[in-house]
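run_33.txt, holding compact mmCIF, C-alpha atoms (C1' of nucleotides):
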```
# COMPACT_ATOMS: atom_id res chain seq x y z
CA MET M 107 25.70 -5.49 -20.73
CA SER M 108 25.71 -1.75 -21.18
CA GLU M 109 28.04 0.22 -18.96
CA LYS M 110 25.24 2.61 -18.01
CA LYS M 111 23.05 -0.31 -17.00
CA GLU M 112 25.84 -1.66 -14.82
CA ASP M 113 26.24 1.73 -13.18
CA LEU M 114 22.52 1.93 -12.52
CA LEU M 115 22.34 -1.55 -11.01
CA HIS M 116 25.35 -0.92 -8.81
CA MET M 117 24.13 2.45 -7.55
CA ALA M 118 20.57 1.18 -7.09
CA GLU M 119 21.84 -1.71 -4.98
CA THR M 120 23.82 0.65 -2.77
CA LEU M 121 20.93 3.08 -2.34
CA PHE M 122 18.38 0.30 -1.73
CA ASP M 123 20.74 -1.11 0.88
CA ASN M 124 21.15 2.18 2.70
CA HIS M 125 17.63 3.59 2.42
CA GLY M 126 15.20 0.88 1.39
CA PHE M 127 13.21 0.40 -1.78
CA HIS M 128 10.27 2.74 -1.29
CA SER M 129 12.32 5.48 0.34
CA ILE M 130 14.69 6.01 -2.55
CA GLY M 131 13.51 7.77 -5.69
CA LEU M 132 14.49 7.10 -9.26
CA LYS M 133 15.79 10.65 -9.61
CA LYS M 134 18.22 9.97 -6.78
CA ILE M 135 19.39 6.79 -8.47
CA VAL M 136 19.96 8.42 -11.87
CA SER M 137 21.56 11.56 -10.46
CA GLU M 138 23.97 9.56 -8.30
CA SER M 139 24.72 7.31 -11.27
CA GLY M 140 25.37 10.23 -13.61
CA VAL M 141 22.77 8.83 -16.00
CA ALA M 142 19.67 10.34 -17.54
CA LEU M 143 16.27 9.26 -16.32
CA MET M 144 15.23 8.10 -19.77
CA THR M 145 18.31 5.91 -19.96
CA LEU M 146 17.06 4.09 -16.89
CA TYR M 147 13.70 3.53 -18.57
CA ASN M 148 15.46 2.30 -21.69
CA HIS M 149 17.05 -0.48 -19.67
CA PHE M 150 14.30 -1.21 -17.12
CA ALA M 151 10.56 -1.18 -17.68
CA SER M 152 9.84 0.15 -14.20
CA LYS M 153 11.31 0.78 -10.77
CA ASP M 154 10.10 -2.63 -9.63
CA GLU M 155 11.94 -4.34 -12.50
CA LEU M 156 15.10 -2.48 -11.54
CA ALA M 157 14.67 -3.64 -7.95
CA ALA M 158 14.04 -7.19 -9.13
CA GLU M 159 17.24 -7.22 -11.20
CA VAL M 160 19.18 -5.84 -8.25
CA LEU M 161 17.93 -8.72 -6.12
CA LYS M 162 18.69 -11.31 -8.81
CA ARG M 163 22.27 -10.08 -9.10
CA ARG M 164 22.67 -9.98 -5.35
CA GLU M 165 21.50 -13.57 -5.09
CA GLU M 166 23.89 -14.71 -7.81
CA ARG M 167 26.78 -12.97 -6.10
CA TYR M 168 25.90 -14.42 -2.70
CA MET M 169 25.50 -17.99 -3.90
CA GLU M 170 28.76 -17.72 -5.84
CA HIS M 171 30.41 -16.45 -2.69
CA LEU M 172 29.20 -19.47 -0.72
CA THR M 173 30.16 -21.89 -3.50
CA PHE M 174 33.61 -20.54 -4.24
CA PHE M 175 34.55 -19.94 -0.63
CA ASP M 176 35.32 -23.61 -0.14
CA THR M 177 38.19 -23.37 -2.61
CA TYR M 178 39.44 -20.27 -0.79
CA LEU M 179 39.38 -22.16 2.52
CA GLU M 180 41.27 -25.05 0.97
CA GLU M 181 43.99 -22.84 -0.45
CA ASN M 182 44.45 -21.06 2.86
CA GLY M 183 44.98 -24.17 4.95
CA GLU M 184 41.96 -23.88 7.24
CA TYR M 185 39.33 -26.35 6.06
CA PRO M 186 36.89 -27.50 8.75
CA ASP M 187 35.43 -30.97 8.34
CA SER M 188 31.84 -29.83 8.76
CA PRO M 189 30.23 -28.31 5.66
CA PHE M 190 27.90 -26.39 7.98
CA VAL M 191 30.86 -24.74 9.70
CA ARG M 192 32.38 -23.87 6.33
CA ILE M 193 29.13 -22.20 5.26
CA ALA M 194 29.08 -20.26 8.52
CA ILE M 195 32.64 -19.06 7.87
CA ALA M 196 31.73 -18.10 4.33
CA HIS M 197 28.76 -16.08 5.52
CA ALA M 198 30.90 -14.47 8.20
CA HIS M 199 33.27 -13.23 5.51
CA TRP M 200 30.32 -12.01 3.46
CA LEU M 201 29.27 -9.90 6.42
CA THR M 202 32.70 -8.42 7.05
CA ASP M 203 33.54 -7.85 3.40
CA ASN M 204 30.38 -5.87 2.68
CA SER M 205 28.72 -2.99 4.49
CA TYR M 206 25.11 -4.05 4.11
CA GLN M 207 22.38 -3.00 6.49
CA GLY M 208 20.51 -6.21 7.14
CA CYS M 209 19.27 -8.71 4.59
CA LEU M 210 18.11 -6.99 1.40
CA PHE M 211 15.77 -9.89 0.62
CA LEU M 212 13.97 -9.62 3.93
CA ARG M 213 13.66 -5.88 3.45
CA ALA M 214 12.20 -6.43 0.00
CA LYS M 215 9.74 -8.96 1.36
CA GLU M 216 8.73 -6.54 4.10
CA GLU M 217 8.34 -3.50 1.87
CA TYR M 218 6.30 -5.39 -0.75
CA ALA M 219 4.35 -7.43 1.80
CA SER M 220 1.11 -5.72 0.84
CA LYS M 221 1.34 -7.52 -2.53
CA PRO M 222 2.09 -11.14 -1.60
CA ASP M 223 2.17 -12.28 -5.21
CA HIS M 224 4.54 -9.55 -6.35
CA PRO M 225 7.58 -10.93 -8.24
CA ILE M 226 9.88 -9.21 -5.75
CA VAL M 227 8.27 -11.05 -2.84
CA GLU M 228 8.63 -14.33 -4.71
CA LEU M 229 12.28 -13.50 -5.40
CA ALA M 230 12.86 -12.96 -1.70
CA ASN M 231 11.06 -16.13 -0.70
CA GLY M 232 12.88 -18.03 -3.41
CA HIS M 233 16.24 -16.86 -2.17
CA LYS M 234 15.57 -18.05 1.36
CA ARG M 235 14.33 -21.36 0.06
CA LYS M 236 17.43 -21.79 -2.10
CA LEU M 237 19.69 -20.97 0.81
CA ARG M 238 17.96 -23.52 3.01
CA GLU M 239 18.30 -26.17 0.27
CA PHE M 240 21.94 -25.24 -0.26
CA VAL M 241 22.62 -25.75 3.43
CA GLN M 242 20.69 -29.01 3.51
CA ASN M 243 22.45 -30.42 0.45
CA SER M 244 25.90 -29.46 1.73
CA ASP M 245 25.79 -32.20 4.37
CA LEU M 246 23.23 -34.94 3.82
CA ARG M 247 24.10 -36.49 7.20
CA ARG M 248 22.49 -33.50 8.88
CA SER M 249 18.77 -33.35 9.48
CA PRO M 250 16.46 -30.71 7.97
CA LYS M 251 16.07 -29.28 11.47
CA GLU M 252 19.81 -28.83 11.79
CA ALA M 253 19.89 -27.10 8.42
CA LEU M 254 17.16 -24.78 9.64
CA ARG M 255 19.25 -24.02 12.71
CA LEU M 256 22.22 -22.96 10.61
CA CYS M 257 19.87 -20.73 8.63
CA LEU M 258 18.72 -19.23 11.93
CA LEU M 259 22.32 -18.52 12.87
CA ILE M 260 23.01 -16.92 9.49
CA GLU M 261 19.96 -14.67 9.78
CA GLY M 262 20.91 -13.81 13.33
CA ALA M 263 24.44 -12.77 12.41
CA THR M 264 23.17 -10.61 9.56
CA ALA M 265 20.72 -8.87 11.86
CA LEU M 266 23.23 -8.53 14.71
CA ALA M 267 25.68 -6.86 12.31
CA GLU M 268 23.22 -3.96 12.07
CA THR M 269 23.57 -2.91 15.69
CA GLU M 270 26.87 -4.49 16.66
CA ASP M 271 30.21 -4.47 14.91
CA PRO M 272 29.93 -6.74 11.84
CA ASP M 273 33.24 -8.36 12.80
CA THR M 274 31.79 -9.25 16.18
CA ALA M 275 28.63 -10.68 14.65
CA ALA M 276 30.71 -12.70 12.19
CA ARG M 277 32.98 -14.05 14.92
CA GLU M 278 30.10 -15.17 17.14
CA LEU M 279 28.34 -16.78 14.20
CA VAL M 280 31.37 -18.98 13.57
CA ALA M 281 31.77 -19.70 17.28
CA ILE M 282 28.19 -20.91 17.62
CA ALA M 283 28.36 -22.92 14.40
CA GLU M 284 31.52 -24.65 15.57
CA SER M 285 29.96 -25.38 18.92
CA LEU M 286 26.89 -26.92 17.28
CA PHE M 287 28.25 -28.57 14.17
CA ALA M 288 32.01 -29.08 14.45
CA LYS M 289 31.80 -32.47 16.13
CA THR M 290 31.83 -35.51 13.88
CA GLN M 291 28.99 -36.92 15.92
CA ILE M 292 25.67 -36.12 14.32
CA SER M 293 22.93 -35.45 16.81
CA ALA M 294 19.82 -37.49 16.16
CA VAL M 295 17.37 -34.74 17.09
CA MET C 105 -4.72 8.30 27.83
CA SER C 106 -7.38 9.23 25.28
CA GLU C 107 -9.18 6.36 23.63
CA LYS C 108 -8.62 7.85 20.20
CA LYS C 109 -4.91 8.11 20.91
CA GLU C 110 -4.86 4.45 21.94
CA ASP C 111 -6.65 3.51 18.73
CA LEU C 112 -4.17 5.48 16.66
CA LEU C 113 -1.15 3.95 18.36
CA HIS C 114 -2.54 0.45 17.99
CA MET C 115 -3.44 0.85 14.33
CA ALA C 116 -0.19 2.63 13.53
CA GLU C 117 1.79 -0.22 15.09
CA THR C 118 -0.09 -2.77 13.02
CA LEU C 119 0.33 -0.84 9.79
CA PHE C 120 4.00 -0.05 10.43
CA ASP C 121 4.53 -3.74 11.09
CA ASN C 122 2.88 -4.83 7.89
CA HIS C 123 4.06 -2.11 5.51
CA GLY C 124 6.94 -0.18 7.04
CA PHE C 125 7.17 3.40 8.22
CA HIS C 126 7.69 5.34 4.99
CA SER C 127 5.30 3.21 2.97
CA ILE C 128 2.23 3.87 5.10
CA GLY C 129 0.50 7.23 4.93
CA LEU C 130 -1.17 9.13 7.72
CA LYS C 131 -4.46 9.06 5.86
CA LYS C 132 -4.36 5.28 5.89
CA ILE C 133 -3.70 5.28 9.63
CA VAL C 134 -6.55 7.66 10.46
CA SER C 135 -9.04 6.08 8.07
CA GLU C 136 -8.33 2.58 9.40
CA SER C 137 -8.57 3.93 12.95
CA GLY C 138 -11.86 5.70 12.30
CA VAL C 139 -10.30 8.94 13.49
CA ALA C 140 -9.98 12.35 11.87
CA LEU C 141 -6.61 13.52 10.60
CA MET C 142 -6.66 16.56 12.85
CA THR C 143 -7.22 14.35 15.87
CA LEU C 144 -3.98 12.62 15.06
CA TYR C 145 -2.19 15.95 14.93
CA ASN C 146 -3.80 16.94 18.23
CA HIS C 147 -2.13 13.97 19.89
CA PHE C 148 1.12 13.79 17.93
CA ALA C 149 3.23 16.64 16.65
CA SER C 150 4.26 14.75 13.52
CA LYS C 151 4.36 11.36 11.87
CA ASP C 152 7.83 10.78 13.29
CA GLU C 153 6.60 11.42 16.83
CA LEU C 154 3.80 8.94 16.30
CA ALA C 155 6.32 6.38 15.08
CA ALA C 156 8.55 7.11 18.06
CA GLU C 157 5.70 6.53 20.51
CA VAL C 158 4.80 3.30 18.75
CA LEU C 159 8.35 2.09 19.24
CA LYS C 160 8.45 3.17 22.89
CA ARG C 161 5.27 1.25 23.63
CA ARG C 162 6.52 -1.78 21.75
CA GLU C 163 9.70 -1.77 23.78
CA GLU C 164 7.80 -1.49 27.07
CA ARG C 165 5.56 -4.37 26.09
CA TYR C 166 8.47 -6.54 25.00
CA MET C 167 10.55 -5.95 28.11
CA GLU C 168 7.50 -6.61 30.29
CA HIS C 169 6.93 -9.82 28.39
CA LEU C 170 10.49 -10.96 29.07
CA THR C 171 10.32 -9.93 32.71
CA PHE C 172 6.93 -11.42 33.56
CA PHE C 173 7.46 -14.60 31.60
CA ASP C 174 9.57 -16.06 34.40
CA THR C 175 6.56 -16.07 36.70
CA TYR C 176 4.53 -17.75 33.96
CA LEU C 177 7.17 -20.43 33.60
CA GLU C 178 7.21 -20.98 37.36
CA GLU C 179 3.44 -21.36 37.56
CA ASN C 180 3.39 -23.82 34.70
CA GLY C 181 5.95 -26.20 36.16
CA GLU C 182 8.62 -25.88 33.47
CA TYR C 183 11.40 -23.69 34.82
CA PRO C 184 14.82 -24.27 33.24
CA ASP C 185 17.85 -23.57 35.40
CA SER C 186 19.56 -21.36 32.85
CA PRO C 187 18.28 -17.76 32.68
CA PHE C 188 19.47 -17.67 29.07
CA VAL C 189 17.25 -20.61 28.18
CA ARG C 190 14.30 -18.95 29.94
CA ILE C 191 14.83 -15.78 27.91
CA ALA C 192 14.96 -17.87 24.73
CA ILE C 193 11.65 -19.52 25.67
CA ALA C 194 10.11 -16.14 26.45
CA HIS C 195 11.17 -14.77 23.08
CA ALA C 196 9.89 -17.90 21.36
CA HIS C 197 6.45 -17.26 22.86
CA TRP C 198 6.67 -13.61 21.81
CA LEU C 199 7.20 -14.79 18.25
CA THR C 200 4.33 -17.27 18.25
CA ASP C 201 1.90 -15.01 20.11
CA ASN C 202 2.31 -12.10 17.70
CA SER C 203 2.22 -11.91 13.94
CA TYR C 204 5.02 -9.44 13.41
CA GLN C 205 7.07 -9.25 10.23
CA GLY C 206 10.62 -9.02 11.48
CA CYS C 207 11.98 -6.71 14.14
CA LEU C 208 10.24 -3.32 14.06
CA PHE C 209 13.29 -1.67 15.64
CA LEU C 210 15.63 -2.90 12.95
CA ARG C 211 13.17 -1.75 10.30
CA ALA C 212 13.03 1.68 11.91
CA LYS C 213 16.80 1.88 12.02
CA GLU C 214 16.99 0.88 8.38
CA GLU C 215 14.32 3.27 7.14
CA TYR C 216 15.74 6.23 9.04
CA ALA C 217 19.39 5.29 8.41
CA SER C 218 19.91 8.40 6.29
CA LYS C 219 19.54 10.46 9.49
CA PRO C 220 21.82 8.70 11.99
CA ASP C 221 21.00 11.17 14.78
CA HIS C 222 17.24 10.88 14.36
CA PRO C 223 15.43 10.08 17.65
CA ILE C 224 13.91 7.00 16.03
CA VAL C 225 17.34 5.61 15.19
CA GLU C 226 18.46 6.24 18.74
CA LEU C 227 15.34 4.49 20.02
CA ALA C 228 16.17 1.46 17.91
CA ASN C 229 19.80 1.40 18.98
CA GLY C 230 18.77 1.94 22.60
CA HIS C 231 16.40 -0.99 22.48
CA LYS C 232 19.05 -3.37 21.21
CA ARG C 233 21.47 -2.13 23.84
CA LYS C 234 18.89 -2.62 26.59
CA LEU C 235 18.13 -6.12 25.39
CA ARG C 236 21.81 -7.02 25.43
CA GLU C 237 22.19 -5.64 28.95
CA PHE C 238 19.05 -7.47 30.06
CA VAL C 239 20.49 -10.73 28.77
CA GLN C 240 23.87 -10.05 30.33
CA ASN C 241 22.40 -9.16 33.75
CA SER C 242 20.13 -12.19 33.77
CA ASP C 243 23.08 -14.51 34.40
CA LEU C 244 26.27 -12.89 35.62
CA ARG C 245 28.14 -16.19 35.37
CA ARG C 246 27.89 -15.91 31.60
CA SER C 247 30.40 -13.90 29.61
CA PRO C 248 29.50 -10.87 27.48
CA LYS C 249 30.29 -12.97 24.43
CA GLU C 250 27.77 -15.58 25.50
CA ALA C 251 25.17 -12.87 26.02
CA LEU C 252 25.89 -11.64 22.52
CA ARG C 253 25.36 -15.15 21.22
CA LEU C 254 21.92 -15.35 22.77
CA CYS C 255 21.14 -12.00 21.16
CA LEU C 256 22.24 -13.46 17.84
CA LEU C 257 19.90 -16.40 18.32
CA ILE C 258 17.01 -14.09 19.21
CA GLU C 259 17.59 -11.97 16.11
CA GLY C 260 17.91 -15.08 14.00
CA ALA C 261 14.62 -16.53 15.19
CA THR C 262 12.83 -13.24 14.57
CA ALA C 263 14.21 -13.10 11.04
CA LEU C 264 13.57 -16.77 10.35
CA ALA C 265 9.94 -16.33 11.39
CA GLU C 266 9.51 -14.10 8.34
CA THR C 267 10.12 -16.84 5.81
CA GLU C 268 9.45 -19.96 7.84
CA ASP C 269 6.61 -20.83 10.13
CA PRO C 270 6.98 -18.74 13.32
CA ASP C 271 6.35 -21.85 15.41
CA THR C 272 9.25 -23.56 13.67
CA ALA C 273 11.54 -20.59 14.22
CA ALA C 274 10.53 -20.45 17.88
CA ARG C 275 11.11 -24.17 18.39
CA GLU C 276 14.58 -24.13 16.84
CA LEU C 277 15.52 -21.04 18.85
CA VAL C 278 14.78 -22.90 22.08
CA ALA C 279 16.53 -26.03 20.82
CA ILE C 280 19.74 -24.13 20.05
CA ALA C 281 19.60 -22.16 23.30
CA GLU C 282 19.22 -25.37 25.29
CA SER C 283 22.08 -26.95 23.41
CA LEU C 284 24.34 -23.97 24.13
CA PHE C 285 23.25 -22.82 27.58
CA ALA C 286 21.31 -25.56 29.37
CA LYS C 287 24.33 -27.21 30.90
CA THR C 288 25.34 -26.02 34.35
CA GLN C 289 28.90 -25.91 33.15
CA ILE C 290 29.83 -22.43 32.04
CA SER C 291 32.17 -22.37 29.09
CA ALA C 292 35.20 -20.17 29.70
CA VAL C 293 35.35 -18.79 26.16
C1' DC P 4 28.86 13.04 -45.31
C1' DA P 5 24.69 10.78 -44.04
C1' DA P 6 22.11 7.58 -41.23
C1' DT P 7 21.06 5.20 -37.23
C1' DA P 8 20.88 4.42 -32.38
C1' DG P 9 21.60 5.80 -27.68
C1' DA P 10 21.97 9.30 -24.23
C1' DT P 11 20.86 13.77 -22.71
C1' DA P 12 18.10 17.63 -20.17
C1' DG P 13 13.87 19.27 -19.01
C1' DA P 14 9.07 19.67 -18.81
C1' DA P 15 4.77 17.59 -17.86
C1' DC P 16 1.35 14.21 -16.02
C1' DG P 17 -1.60 12.54 -12.27
C1' DA P 18 -1.08 10.75 -7.89
C1' DT P 19 0.24 10.81 -3.20
C1' DC P 20 2.60 12.64 0.65
C1' DA P 21 2.98 15.35 5.44
C1' DA P 22 1.23 19.13 7.32
C1' DT P 23 -1.98 23.20 8.01
C1' DC P 24 -6.26 25.71 8.22
C1' DT P 25 -11.20 26.49 8.61
C1' DA P 26 -15.66 25.65 9.93
C1' DT P 27 -18.96 22.50 11.91
C1' DT P 28 -20.43 19.09 15.08
C1' DT P 29 -20.22 16.41 19.33
C1' DA P 30 -19.38 15.55 24.11
C1' DT P 31 -18.25 16.85 28.73
C1' DA P 32 -18.41 19.87 32.82
C1' DC P 33 -20.10 23.47 35.65
C1' DG J 220 -28.58 25.62 29.80
C1' DT J 221 -24.44 27.30 28.90
C1' DA J 222 -19.49 27.18 28.43
C1' DT J 223 -15.47 24.67 27.26
C1' DA J 224 -12.98 21.38 24.95
C1' DA J 225 -12.43 17.61 21.55
C1' DA J 226 -13.40 15.56 17.28
C1' DT J 227 -15.06 15.92 12.72
C1' DA J 228 -14.89 16.52 7.34
C1' DG J 229 -12.87 18.74 3.78
C1' DA J 230 -10.02 21.84 1.28
C1' DT J 231 -5.33 23.43 0.61
C1' DT J 232 -0.27 23.94 0.39
C1' DG J 233 4.15 22.70 -1.39
C1' DA J 234 6.81 18.87 -2.22
C1' DT J 235 7.94 14.42 -4.20
C1' DC J 236 6.74 10.29 -6.49
C1' DG J 237 6.80 7.03 -10.93
C1' DT J 238 6.14 7.51 -15.52
C1' DT J 239 5.89 9.58 -20.14
C1' DC J 240 6.99 12.79 -23.72
C1' DT J 241 9.72 15.88 -26.59
C1' DA J 242 13.58 17.74 -28.53
C1' DT J 243 18.54 18.08 -28.61
C1' DC J 244 22.95 16.10 -28.60
C1' DT J 245 26.66 12.50 -29.32
C1' DA J 246 28.62 8.45 -31.03
C1' DT J 247 29.10 4.81 -34.15
C1' DT J 248 28.46 2.71 -38.64
C1' DG J 249 28.15 2.50 -43.63
```
Conversion result in structure tokens:
Amino acid sequence: MSEKKEDLLHMAETLFDNHGFHSIGLKKIVSESGVALMTLYNHFASKDELAAEVLKRREERYMEHLTFFDTYLEENGEYPDSPFVRIAIAHAHWLTDNSYQGCLFLRAKEEYASKPDHPIVELANGHKRKLREFVQNSDLRRSPKEALRLCLLIEGATALAETEDPDTAARELVAIAESLFAKTQISAV
Amino acid sequence: MSEKKEDLLHMAETLFDNHGFHSIGLKKIVSESGVALMTLYNHFASKDELAAEVLKRREERYMEHLTFFDTYLEENGEYPDSPFVRIAIAHAHWLTDNSYQGCLFLRAKEEYASKPDHPIVELANGHKRKLREFVQNSDLRRSPKEALRLCLLIEGATALAETEDPDTAARELVAIAESLFAKTQISAV
DNA sequence: CAATAGATAGAACGATCAATCTATTTATAC
DNA sequence: GTATAAATAGATTGATCGTTCTATCTATTG
């Protein structure tokens, strides 16, 4: 991939994170990237396609983070039995390692809500669905409801990190997850 | 308060909920309200002041909902011992009774993040602080960390209601809160 | 050197934005 | 009935938006 395109995607992700999709203009993105406006249009058909690619890359990075974090936990000694707890820890590190302002997918869904069939809305919905399936498939002994509860905790920690210290939000996420899912006993609810 | 002003505040809240603050124009607000543009400017100095009043009214309504929901629970037989569980139930009903798209205060904070001292950002931060204090003061036997955990659950349910059925999000919020806080025993963590 | 492709700056387009002004109409109060 | 205030429609201002176009410049390749 072109270096300019990489720069654009990286800067667009940062600006979308900090200001939202509709609030940030293309001129801001290209000026901050040190790239000409026409270069942006040579790589992306429109602003929406740029936003869509930003979201796709974010999703790839996030899912890789969740997947590869198990190996990190193994190498560093701490390896909780419960896959749900390990996912919670992985998400906690995602929150502390990045300085995001809430979930970019939820923001995208909100900002494009007036067009429910827009590809960006489907990307956002797809991401949440994939995350729920990832959680569910990580521990088949757990019920779909329990998977949904871990998703609730993950969303809650991401939101709490906006108004509280991200480290605090991350710590409480893990604490709750351990309290709910650490025990070998699987609740039948 | 003027009827036109009420109409404007109500319509603005709905449109801000569904489309965000920066995405919705004043002309949309006045046309949907059946009110002239100048009437809006007779009641509000600017778009930002309108948004600020919308948030103030939302906060009042939400805190009243939390406060008065205890009496509703009493009258309808079900009255859990734990104040934390009662707050979770109250928030669950808030989610199912309204068709909001995420937390309007978090959205405001995100959209105005480029101006950290903006009154709207301070309104959003103030609301989250008040909610945390409300939770903390509802049960002084609980630790600040436990109060923060209920806040995390509340945020999580609000976020989950965006991609899942709000009824589902509300039900799982109550289920987790009961699992964590229903027992008389207070954890010392 | 010549040719091709990619990147550049800058202007221009139509549209929309928040905000202001004017002039007219409607409703309330004395 | 008259005076006062509120609400109305519509035009306007200056700014910004996404998008397109042109014309110049730079780098690589043959």
Considering all atoms listed in the file, extract the chain C residues located within 8 Å of chain P and return them as a list in words.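 That gives the following set of residues: Gly129, Leu130 and Lys151 of chain C.
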* Please, which residues of chain C lie no more than 9 Å from chain J when the count uses only C-alpha atoms (C1' of nucleotides), and can they be set out as a PyMOL selection string? -> chain C and resi 139-140+142-143
Practice task
Rounded to one decimal place, report the CA of Ile258 (chain C)-CA of Leu210 (chain C) distance in Å.
Solution key: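 If I compute the distance from CA of Ile258 (chain C) to CA of Leu210 (chain C), I get 12.9 Å.
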(message) What are the residues of chain C lining chain M at 9 Å or less? Count all atoms listed in the file, and put the answer as an MDAnalysis selection string.
(response) chainID C and resid 121:124 126:127 205:206 210:211 213:218 228:229 232:233 249:250 252:253 255:264 266:267 272:273 276:277 279:280 283:284
Pairwise distance, CA of Asp273 (chain M) with CA of Thr202 (chain M), equals 5.8 Å
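Atom pair CA of Leu210 (chain M) / CA of His231 (chain C): separated by 22.0 Å.
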> Do you know which residues are at most 9 Å from Val239 (chain C) counting only C-alpha atoms (C1' of nucleotides), after dropping those on the same chain fewer than 4 positions away, and could you put them as a list in words?
Replying inline: Pro187, Phe188, Ile191, Lys234, Leu235, Asp243, Ala251, Leu252, Leu254 and Cys255 of chain C
Go ahead and write the selection's residues with C-alpha atoms as a PDB file, in the coordinates of the input.
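Result file selection29.pdb:
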```pdb
ATOM      1  CA  PRO C 187      18.280 -17.760  32.680  1.00  0.00           C
ATOM      2  CA  PHE C 188      19.470 -17.670  29.070  1.00  0.00           C
ATOM      3  CA  ILE C 191      14.830 -15.780  27.910  1.00  0.00           C
ATOM      4  CA  LYS C 234      18.890  -2.620  26.590  1.00  0.00           C
ATOM      5  CA  LEU C 235      18.130  -6.120  25.390  1.00  0.00           C
ATOM      6  CA  ASP C 243      23.080 -14.510  34.400  1.00  0.00           C
ATOM      7  CA  ALA C 251      25.170 -12.870  26.020  1.00  0.00           C
ATOM      8  CA  LEU C 252      25.890 -11.640  22.520  1.00  0.00           C
ATOM      9  CA  LEU C 254      21.920 -15.350  22.770  1.00  0.00           C
ATOM     10  CA  CYS C 255      21.140 -12.000  21.160  1.00  0.00           C
TER      11      CYS C 255
END
```
Quick one: 4 Å padding each side, axis-aligned, all listed atoms of region 11-29 of chain P - centre and edge lengths in Å to one decimal, as AutoDock Vina command-line options?
```
--center_x 0.2 --center_y 18.6 --center_z -1.7 --size_x 49.3 --size_y 23.7 --size_z 50.0
```
Margin query: Taking 6 positions as the minimum chain separation for residues in the same chain, which residues sit within 10 Å of Glu117 (chain C) when counting all atoms listed in the file? Answer as a ChimeraX atom specification.
Written below: /C:111,124-125,133,154-155,157-159,161-162,204,208
